[in-house]
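Data block below; observations after.
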Amino acid sequence: MTDLANRTEYEEALAGKLSRTLTAQERALIKLLGNPPDMNNVPPAFWTDMTGALVATIGAVLTEIYLDSSEALMTSLPIGVDWALVNEGAAQWARSYAGDLVKGITDTTRRAVGEAVTNFFTQQQTMGDLTAALSRTFGPVRSEMIAVTEVTRAASEGERAIARQLRDMGVEMIPVWQTNNDELVCPICGPKSGKPITDGVYPPAHPRCRCWVNHELPKVRR
């Protein structure tokens with residue numbers, strides 16, 4: 001299968017949703033921190049609510065991408081699979097993975113906020129300096145990076161779902177790593193391009209990875 005047909009639209013949609021959610025959380029955090037800022041002013045409920053909001057933001061989009069990728073591969077094959085199982089798998093994977101992903105995002109954010117507050121005092125910064133530091137943590141660049149990476153991951157997982165069903169039916173598909181094969185391909189992914197995946201490592205290989213997988217049917221010996 002070629003790359004996800006509407007990848008750009010998915011990336012922009014997810015990045016936009018993430019950016020809006022993170023911006024709202026940033027505003028709430030700055031109010032809680034106070035002036036001078038104090039991490040003790042931020043209750044545990046803030047981080048819990050932040051996690052829940054991000055899971056809701058990300059989970060539905062990942063499910064849609066997973067199913068889109070699964071359907072694209074399935075319709076290109078001469079063999080059918082149980083679509084109900086694919087749907088079930090999409091919901092289960094998105095729920096589980098989004099929870100793990102967001103926990104990592106929240107933990108990273110919490111550490112970055114703590115470091116920014118420490119710098120406020122140790123470097124004799126202003127509230128403007130602190131706000132600027134927090135804007136980098138909650139800003140659109142981070143949202144875009146997460147969106148690109150996770151669109152790649154969900155598309156890859158969707159194809160793998162079809163491959164797993166076919167394996168259960170006795171058909172072992174061959175996963176092949178694909179890149180755009182242009183000047184933007186990184187040194188990590190370039191050597192993988194066009195080669196079968198034999199180590200169990202699938203895209204994304206790094207943040208902002210836009211690689212994809214072609215699952216090929218084994219050649220029939222005559």
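In the structure tokens, each chain is lettered A, B, ... as it comes, each chain's residues begin at 1, and ligands are numbered from 1 in order of appearance.
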Item checked: Neighbour list for range 69-81 of chain A as a PyMOL selection string, cut-off 12 Å, only C-alpha atoms, skip fewer than 4 positions in-chain -> chain A and resi 1-7+10+62-65+85-87+89-90+151-171+173+175+212-217
Item checked: Expected answer as a ChimeraX atom specification: helix (DSSP H, G or I) residues in range 29-214 of chain A -> /A:29-33,39-41,44-75,83-122,127-138,140-168,190-192
Note to self: So that I can see what lies close to range 109-111 of chain A, please list as a VMD selection string the residues with an atom at most 12 Å from it, counting only C-alpha atoms and leaving out residues fewer than 2 positions away in the same chain.
What the structure shows: chain A and resid 22 25 to 26 29 39 42 to 44 46 to 48 50 to 51 102 to 107 113 to 118 133 to 139 142
Next item on the list: Excluding Leu14 in chain A and residues on its chain fewer than 3 positions from it, collect all residues at most 9 Å away from it, counting only C-alpha atoms, and give them as a list in words.
Entry: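 Counting only C-alpha atoms, the residues come to Glu9, Tyr10, Glu11, Lys17, Leu18, Ser19, Thr57, Ile58, Val61, Leu62, Ser143, Glu144, Ile146, Ala147, Val148 and Val151 of chain A.
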Taking the DSSP secondary structure from the backbone, can you list the residues of range 56-209 of chain A that are strand (DSSP E or B), as a PDB file with all heavy atoms, in the first residue's frame?
```pdb
ATOM      1  N   ILE A 174       4.590  -9.787   4.026  1.00  0.00           N
ATOM      2  CA  ILE A 174       5.956  -9.285   4.195  1.00  0.00           C
ATOM      3  C   ILE A 174       5.902  -7.766   4.377  1.00  0.00           C
ATOM      4  O   ILE A 174       5.505  -7.039   3.463  1.00  0.00           O
ATOM      5  CB  ILE A 174       6.819  -9.621   2.974  1.00  0.00           C
ATOM      6  CG1 ILE A 174       6.847 -11.141   2.762  1.00  0.00           C
ATOM      7  CG2 ILE A 174       8.224  -9.068   3.138  1.00  0.00           C
ATOM      8  CD1 ILE A 174       7.455 -11.558   1.432  1.00  0.00           C
ATOM      9  N   PRO A 175       6.278  -7.262   5.565  1.00  0.00           N
ATOM     10  CA  PRO A 175       6.285  -5.810   5.767  1.00  0.00           C
ATOM     11  C   PRO A 175       7.556  -5.187   5.200  1.00  0.00           C
ATOM     12  O   PRO A 175       8.660  -5.643   5.473  1.00  0.00           O
ATOM     13  CB  PRO A 175       6.229  -5.682   7.292  1.00  0.00           C
ATOM     14  CG  PRO A 175       6.900  -6.917   7.802  1.00  0.00           C
ATOM     15  CD  PRO A 175       6.633  -8.002   6.789  1.00  0.00           C
ATOM     16  N   VAL A 176       7.405  -4.157   4.396  1.00  0.00           N
ATOM     17  CA  VAL A 176       8.549  -3.485   3.770  1.00  0.00           C
ATOM     18  C   VAL A 176       8.534  -2.008   4.165  1.00  0.00           C
ATOM     19  O   VAL A 176       7.525  -1.318   3.986  1.00  0.00           O
ATOM     20  CB  VAL A 176       8.493  -3.621   2.238  1.00  0.00           C
ATOM     21  CG1 VAL A 176       9.680  -2.905   1.596  1.00  0.00           C
ATOM     22  CG2 VAL A 176       8.470  -5.094   1.830  1.00  0.00           C
ATOM     23  N   TRP A 177       9.650  -1.549   4.688  1.00  0.00           N
ATOM     24  CA  TRP A 177       9.777  -0.148   5.117  1.00  0.00           C
ATOM     25  C   TRP A 177       9.835   0.767   3.895  1.00  0.00           C
ATOM     26  O   TRP A 177      10.561   0.503   2.949  1.00  0.00           O
ATOM     27  CB  TRP A 177      11.050   0.019   5.931  1.00  0.00           C
ATOM     28  CG  TRP A 177      11.146   1.304   6.719  1.00  0.00           C
ATOM     29  CD1 TRP A 177      11.313   2.556   6.219  1.00  0.00           C
ATOM     30  CD2 TRP A 177      11.097   1.439   8.147  1.00  0.00           C
ATOM     31  NE1 TRP A 177      11.379   3.473   7.231  1.00  0.00           N
ATOM     32  CE2 TRP A 177      11.243   2.818   8.438  1.00  0.00           C
ATOM     33  CE3 TRP A 177      10.958   0.532   9.196  1.00  0.00           C
ATOM     34  CZ2 TRP A 177      11.258   3.299   9.745  1.00  0.00           C
ATOM     35  CZ3 TRP A 177      10.960   1.015  10.486  1.00  0.00           C
ATOM     36  CH2 TRP A 177      11.106   2.380  10.759  1.00  0.00           C
ATOM     37  N   GLN A 178       9.067   1.851   3.924  1.00  0.00           N
ATOM     38  CA  GLN A 178       9.037   2.778   2.794  1.00  0.00           C
ATOM     39  C   GLN A 178       9.304   4.207   3.259  1.00  0.00           C
ATOM     40  O   GLN A 178       8.838   4.625   4.317  1.00  0.00           O
ATOM     41  CB  GLN A 178       7.678   2.726   2.095  1.00  0.00           C
ATOM     42  CG  GLN A 178       7.330   1.376   1.486  1.00  0.00           C
ATOM     43  CD  GLN A 178       8.216   1.015   0.313  1.00  0.00           C
ATOM     44  OE1 GLN A 178       8.830   1.875  -0.311  1.00  0.00           O
ATOM     45  NE2 GLN A 178       8.273  -0.266  -0.020  1.00  0.00           N
ATOM     46  N   PRO A 196      12.650  -5.328   3.675  1.00  0.00           N
ATOM     47  CA  PRO A 196      11.717  -6.000   4.586  1.00  0.00           C
ATOM     48  C   PRO A 196      12.068  -5.708   6.041  1.00  0.00           C
ATOM     49  O   PRO A 196      13.243  -5.592   6.401  1.00  0.00           O
ATOM     50  CB  PRO A 196      11.905  -7.484   4.265  1.00  0.00           C
ATOM     51  CG  PRO A 196      12.465  -7.503   2.874  1.00  0.00           C
ATOM     52  CD  PRO A 196      13.318  -6.273   2.761  1.00  0.00           C
TER      53      PRO A 196
END
```
Margin query: Show me, as a list in words, the residues that have an atom within 10 Å of Ser96 in chain A when counting only C-alpha atoms, minus same-chain residues fewer than 5 positions from it.
Written below: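 In the requested form, the answer reads Val55, Gly59, Ala90, Ala91 and Leu101 of chain A.
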Check: What is the CA of Leu184 in chain A to CA of Glu12 in chain A distance in Å?
Finding: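 CA of Leu184 in chain A sits 19.5 Å away from CA of Glu12 in chain A.
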